[in-house]
Amino acid sequence: MAAVEQIGRAGRAALRPFWTVGRLRVAALVVIFALWEIAGASGLFYRGVLPSSYLVVWALLGLLTSMDFWFHAGVTGLEVLVAFVLGCSAGALAGLMLGANRYVGAVLEPFLHYLAPTPKIVFLPILLILFGVGMGSKIALGAISSFFPMALGVAAGVRQVNPVLLRVGRTFSLSRFQMVRMIYLPALVPSLATGLRIGLGISIVGCLMSEIKLSRMGLGFSAMEYYRVFDIPSMLAVLIFIFFCAALGNVAIDKFVRLPGPHDRQKRKWSGFTRRFT
Amino acid sequence: MSDAAIVSRRSFWRPPPLLARLGVLAGLLALWEAASYAGLVNAFIAPPPSAIFASFEMLFVQEGLINAFVRTFAEALAAASIGSVIGISAGYALHRYKMAGLAYTDWVAAMASAPLVLLYPLFLVIFGRNSATIVAMGVVGCLPPIILKAKEGLDGVRPVLLNVGRAYGLSRWAMFSMIQFPAALPTIFSGVRIGLLFAIINVVGVEYLIVFGGLGQMISDLGDRFEIPAMYAGILFVVLVSICFFFITEKIEKWLLSSK
């Protein structure tokens, strides 16, 4: 009996492939890490261009314990937050208006449609004149960046609301506000979540790129300062911190805005990303 | 909504959307022009449209607009070409090896929403302040959509077609070049198209940030010299160019889809 069980177990183990998802991922991380270290030590690049990872970790620890770093992080965080909230709420409102009226949508939406894939950073010189070198111009660029995907996503979402639901709402003679709250909003959750996720990513890009171009504070500024004095480990540490925060923001949006069904969520993760151009 | 309301709405004449759109645009420009002459907006901050259009001549003659455009275009095209080769190969690998697809597709998707353009200082220290950095940033920008769309397209090839190939005993390469690639082409192209747009965004952005070559540098220079109307004209030109790209590639995509 025991022997049969043993054979069964061995058979199942033999059928199971060795390279499971988890093992593949760990292997990829190890390979990337090794390549980085080998490339850095090989002497193919200038010394210090690809610093060993322990130097980067050390620099990161140094940053996380300095007050100066948290001041810059706070400035950037505030900029991104204000830009994100302003851009996304304006975008959602514009999307609702464009989506609700077919004619207005047909007339005005192409403007957004064609402006969306332009490089927003080129508007920075205008924003610098309008809002100055301080936080204002950074917030404005971040807000403009996150406005477009939100507006286009919500407008498309409104048009895709199941007409049966709308008729049900009219049958119950709901007020305009009730229609929005009880029928449009629940149907719009996926579009809103996608808009928020894309909006967060590109408002971070907008704020940081304008900080890099011209500013006296913020994480973009401090990354460029480290670049200027060729303190590459600290520069990389700032970048890692930014990527970590961006990823954290995405996870928070996923948790906060519940999407229907795990399968849909997987698919939407990146289908929404391409939606603003297709 | 009563029937009368619907009827009255329908009977109300509306210009066709295209006409109305042009009308809105013309109206906004006229309003801006008038506000500028009336002194309602500062002509230094927001020069009137007529001054902006007039300064296009200066851009062409003095600033080498054509050269800058060709340079930016070439960099973006190079980036998108390199990105297509790498991206379609990677997409094929993720499609061919199912386990790898399960393990890494999520990572590529996460890359797509990560602010990758911020990596440019790293490329700046590796390649130096030259075109290589700009092209590399373009490649980084266009890879995620190309990989994801290539995998999606190859995954979606109809099994019937694959069975025909197997019946003829096609080699793996013949299978790819004669069946899988043509069948997946519309989806692959839509990835390449988004990739090209992302490459343009990154190329212009990095040019602007490091003030090197092409349209981005031109706008940065004009801003630094306070040539405000010309700066507006340069920005308008970038916007128009990316709209043209968007429009042309959209048409090609529709054509590919219809001839499928």
# chains A, B, ... in the order shown; residues from 1 in each chain; ligands from 1

$ interface_residues --of "chain A" --to "chain B" --cutoff "8 Å" --atoms "only C-alpha atoms" --output "MDAnalysis selection string"
chainID A and resid 19:22 24:25 45:46 49 103 106:108 114:115 117:123 125:126 129:130 197:198 201:202 204:205 208:209 212:213 224 227 236 239 243 246:247 269:270 273:274 277:278

$ residues_around --residues "stretch 167-180 of chain A" --least-positions-apart "4" --cutoff "12 Å" --atoms "only C-alpha atoms" --output "PyMOL selection string"
(chain A and resi 93+96-97+100+158+161-163+184-188) or (chain B and resi 1-2)

$ residues_around --residues "B:Tyr37" --least-positions-apart "2" --cutoff "12 Å" --atoms "only C-alpha atoms" --output "ChimeraX atom specification"
/B:30-35,39-44,46-51

$ closest_residue --among "B:Leu28, B:Ile134, B:Arg96, B:Met218" --to "B:Ala230" --atoms "only C-alpha atoms"
B:Met218

$ select_by_dssp --residues "stretch 3-116 of chain B" --states "helix (DSSP H, G or I)" --output "count of residues only"
91

$ atom_distance --atom1 "atom CA of A:Ser146" --atom2 "atom CA of A:Ala92"
10.3 Å

$ residues_around --residues "B:Met175" --least-positions-apart "4" --cutoff "12 Å" --atoms "only C-alpha atoms" --output "PDB file with N, CA and C atoms, in the first residue's frame"
ATOM      1  N   LEU B 154      -0.337  36.727 -30.874  1.00  0.00           N
ATOM      2  CA  LEU B 154       0.082  35.344 -31.146  1.00  0.00           C
ATOM      3  C   LEU B 154      -0.793  34.351 -30.380  1.00  0.00           C
ATOM      4  N   VAL B 157      -4.128  33.603 -32.339  1.00  0.00           N
ATOM      5  CA  VAL B 157      -4.178  32.986 -33.677  1.00  0.00           C
ATOM      6  C   VAL B 157      -5.084  31.762 -33.621  1.00  0.00           C
ATOM      7  N   LEU B 161      -5.766  27.439 -38.167  1.00  0.00           N
ATOM      8  CA  LEU B 161      -4.624  27.821 -38.990  1.00  0.00           C
ATOM      9  C   LEU B 161      -3.380  27.047 -38.581  1.00  0.00           C
ATOM     10  N   LEU B 162      -3.193  26.920 -37.248  1.00  0.00           N
ATOM     11  CA  LEU B 162      -2.014  26.202 -36.762  1.00  0.00           C
ATOM     12  C   LEU B 162      -2.067  24.734 -37.191  1.00  0.00           C
ATOM     13  N   ASN B 163      -3.279  24.155 -37.153  1.00  0.00           N
ATOM     14  CA  ASN B 163      -3.407  22.748 -37.555  1.00  0.00           C
ATOM     15  C   ASN B 163      -3.065  22.564 -39.025  1.00  0.00           C
ATOM     16  N   VAL B 164      -3.480  23.523 -39.864  1.00  0.00           N
ATOM     17  CA  VAL B 164      -3.126  23.449 -41.287  1.00  0.00           C
ATOM     18  C   VAL B 164      -1.606  23.402 -41.425  1.00  0.00           C
ATOM     19  N   GLY B 165      -0.934  24.310 -40.690  1.00  0.00           N
ATOM     20  CA  GLY B 165       0.524  24.343 -40.729  1.00  0.00           C
ATOM     21  C   GLY B 165       1.115  23.012 -40.306  1.00  0.00           C
ATOM     22  N   ARG B 166       0.573  22.442 -39.218  1.00  0.00           N
ATOM     23  CA  ARG B 166       1.096  21.154 -38.737  1.00  0.00           C
ATOM     24  C   ARG B 166       0.873  20.067 -39.767  1.00  0.00           C
ATOM     25  N   ALA B 167      -0.290  20.110 -40.448  1.00  0.00           N
ATOM     26  CA  ALA B 167      -0.598  19.094 -41.457  1.00  0.00           C
ATOM     27  C   ALA B 167       0.442  19.129 -42.575  1.00  0.00           C
ATOM     28  N   TYR B 168       0.914  20.348 -42.889  1.00  0.00           N
ATOM     29  CA  TYR B 168       1.942  20.453 -43.931  1.00  0.00           C
ATOM     30  C   TYR B 168       3.337  20.211 -43.376  1.00  0.00           C
ATOM     31  N   GLY B 169       3.421  19.931 -42.090  1.00  0.00           N
ATOM     32  CA  GLY B 169       4.720  19.671 -41.476  1.00  0.00           C
ATOM     33  C   GLY B 169       5.673  20.848 -41.548  1.00  0.00           C
ATOM     34  N   LEU B 170       5.150  22.057 -41.314  1.00  0.00           N
ATOM     35  CA  LEU B 170       6.002  23.248 -41.397  1.00  0.00           C
ATOM     36  C   LEU B 170       7.011  23.274 -40.252  1.00  0.00           C
ATOM     37  N   SER B 171       8.186  23.826 -40.535  1.00  0.00           N
ATOM     38  CA  SER B 171       9.177  24.024 -39.471  1.00  0.00           C
ATOM     39  C   SER B 171       8.681  25.151 -38.568  1.00  0.00           C
ATOM     40  N   ILE B 179       2.357  31.681 -40.976  1.00  0.00           N
ATOM     41  CA  ILE B 179       1.021  31.581 -40.372  1.00  0.00           C
ATOM     42  C   ILE B 179       0.846  32.514 -39.184  1.00  0.00           C
ATOM     43  N   GLN B 180       1.690  32.336 -38.158  1.00  0.00           N
ATOM     44  CA  GLN B 180       1.428  33.066 -36.915  1.00  0.00           C
ATOM     45  C   GLN B 180       1.586  34.569 -37.092  1.00  0.00           C
ATOM     46  N   PHE B 181       2.708  34.989 -37.711  1.00  0.00           N
ATOM     47  CA  PHE B 181       2.954  36.418 -37.834  1.00  0.00           C
ATOM     48  C   PHE B 181       1.884  37.125 -38.682  1.00  0.00           C
ATOM     49  N   PRO B 182       1.567  36.599 -39.900  1.00  0.00           N
ATOM     50  CA  PRO B 182       0.525  37.271 -40.675  1.00  0.00           C
ATOM     51  C   PRO B 182      -0.827  37.304 -39.962  1.00  0.00           C
ATOM     52  N   ALA B 183      -1.155  36.217 -39.262  1.00  0.00           N
ATOM     53  CA  ALA B 183      -2.464  36.184 -38.597  1.00  0.00           C
ATOM     54  C   ALA B 183      -2.511  37.170 -37.442  1.00  0.00           C
TER      55      ALA B 183
END

$ residues_around --residues "B:Gly64" --least-positions-apart "3" --cutoff "12 Å" --atoms "only C-alpha atoms" --output "list in words"
Phe56, Glu57, Met58, Leu59, Phe60, Val61, Asn67, Ala68, Phe69, Val70, Arg71, Gly213, Gly214, Leu215, Gln217, Met218, Ile219 and Gly234 of chain B

$ write_last_selection --atoms "C-alpha atoms" --output "PDB file, in the first residue's frame"
ATOM      1  CA  PHE B  56       6.613  79.869 -37.914  1.00  0.00           C
ATOM      2  CA  GLU B  57       8.643  81.594 -40.607  1.00  0.00           C
ATOM      3  CA  MET B  58      11.367  82.342 -38.086  1.00  0.00           C
ATOM      4  CA  LEU B  59      11.330  78.702 -36.953  1.00  0.00           C
ATOM      5  CA  PHE B  60      11.836  77.472 -40.495  1.00  0.00           C
ATOM      6  CA  VAL B  61      14.477  80.028 -41.476  1.00  0.00           C
ATOM      7  CA  ASN B  67      16.375  69.557 -39.352  1.00  0.00           C
ATOM      8  CA  ALA B  68      15.102  69.321 -35.796  1.00  0.00           C
ATOM      9  CA  PHE B  69      12.002  67.481 -36.978  1.00  0.00           C
ATOM     10  CA  VAL B  70      13.991  65.016 -39.111  1.00  0.00           C
ATOM     11  CA  ARG B  71      16.313  64.349 -36.210  1.00  0.00           C
ATOM     12  CA  GLY B 213      19.197  67.641 -30.601  1.00  0.00           C
ATOM     13  CA  GLY B 214      15.774  67.801 -32.227  1.00  0.00           C
ATOM     14  CA  LEU B 215      12.456  69.449 -31.382  1.00  0.00           C
ATOM     15  CA  GLN B 217      16.009  71.100 -27.590  1.00  0.00           C
ATOM     16  CA  MET B 218      14.543  73.720 -29.914  1.00  0.00           C
ATOM     17  CA  ILE B 219      11.630  74.408 -27.551  1.00  0.00           C
ATOM     18  CA  GLY B 234       7.343  75.147 -31.630  1.00  0.00           C
TER      19      GLY B 234
END

$ residues_around --residues "A:Trp70" --least-positions-apart "4" --cutoff "12 Å" --atoms "only C-alpha atoms" --output "NGL selection string"
:A and (62-66 or 74-78 or 217-219 or 222 or 238 or 241)

$ write_last_selection --atoms "C-alpha atoms" --output "compact mmCIF listing (two decimals), in the first residue's frame"
# COMPACT_ATOMS: atom_id res chain seq x y z
CA GLY A 62 21.53 56.78 4.23
CA LEU A 63 18.76 58.64 2.40
CA LEU A 64 15.96 57.13 4.46
CA THR A 65 17.58 58.36 7.66
CA SER A 66 18.19 61.93 6.46
CA GLY A 74 7.31 65.41 0.95
CA VAL A 75 7.44 68.19 -1.65
CA THR A 76 7.16 65.72 -4.53
CA GLY A 77 4.48 63.72 -2.73
CA LEU A 78 2.39 66.85 -2.21
CA MET A 217 13.35 71.04 -4.39
CA GLY A 218 11.72 67.67 -4.78
CA LEU A 219 12.96 64.17 -5.58
CA SER A 222 17.71 65.73 -5.63
CA VAL A 238 16.23 57.97 -5.19
CA PHE A 241 12.39 54.94 -3.89

$ atom_distance --atom1 "atom CA of B:Trp13" --atom2 "atom CA of A:Val104"
14.0 Å
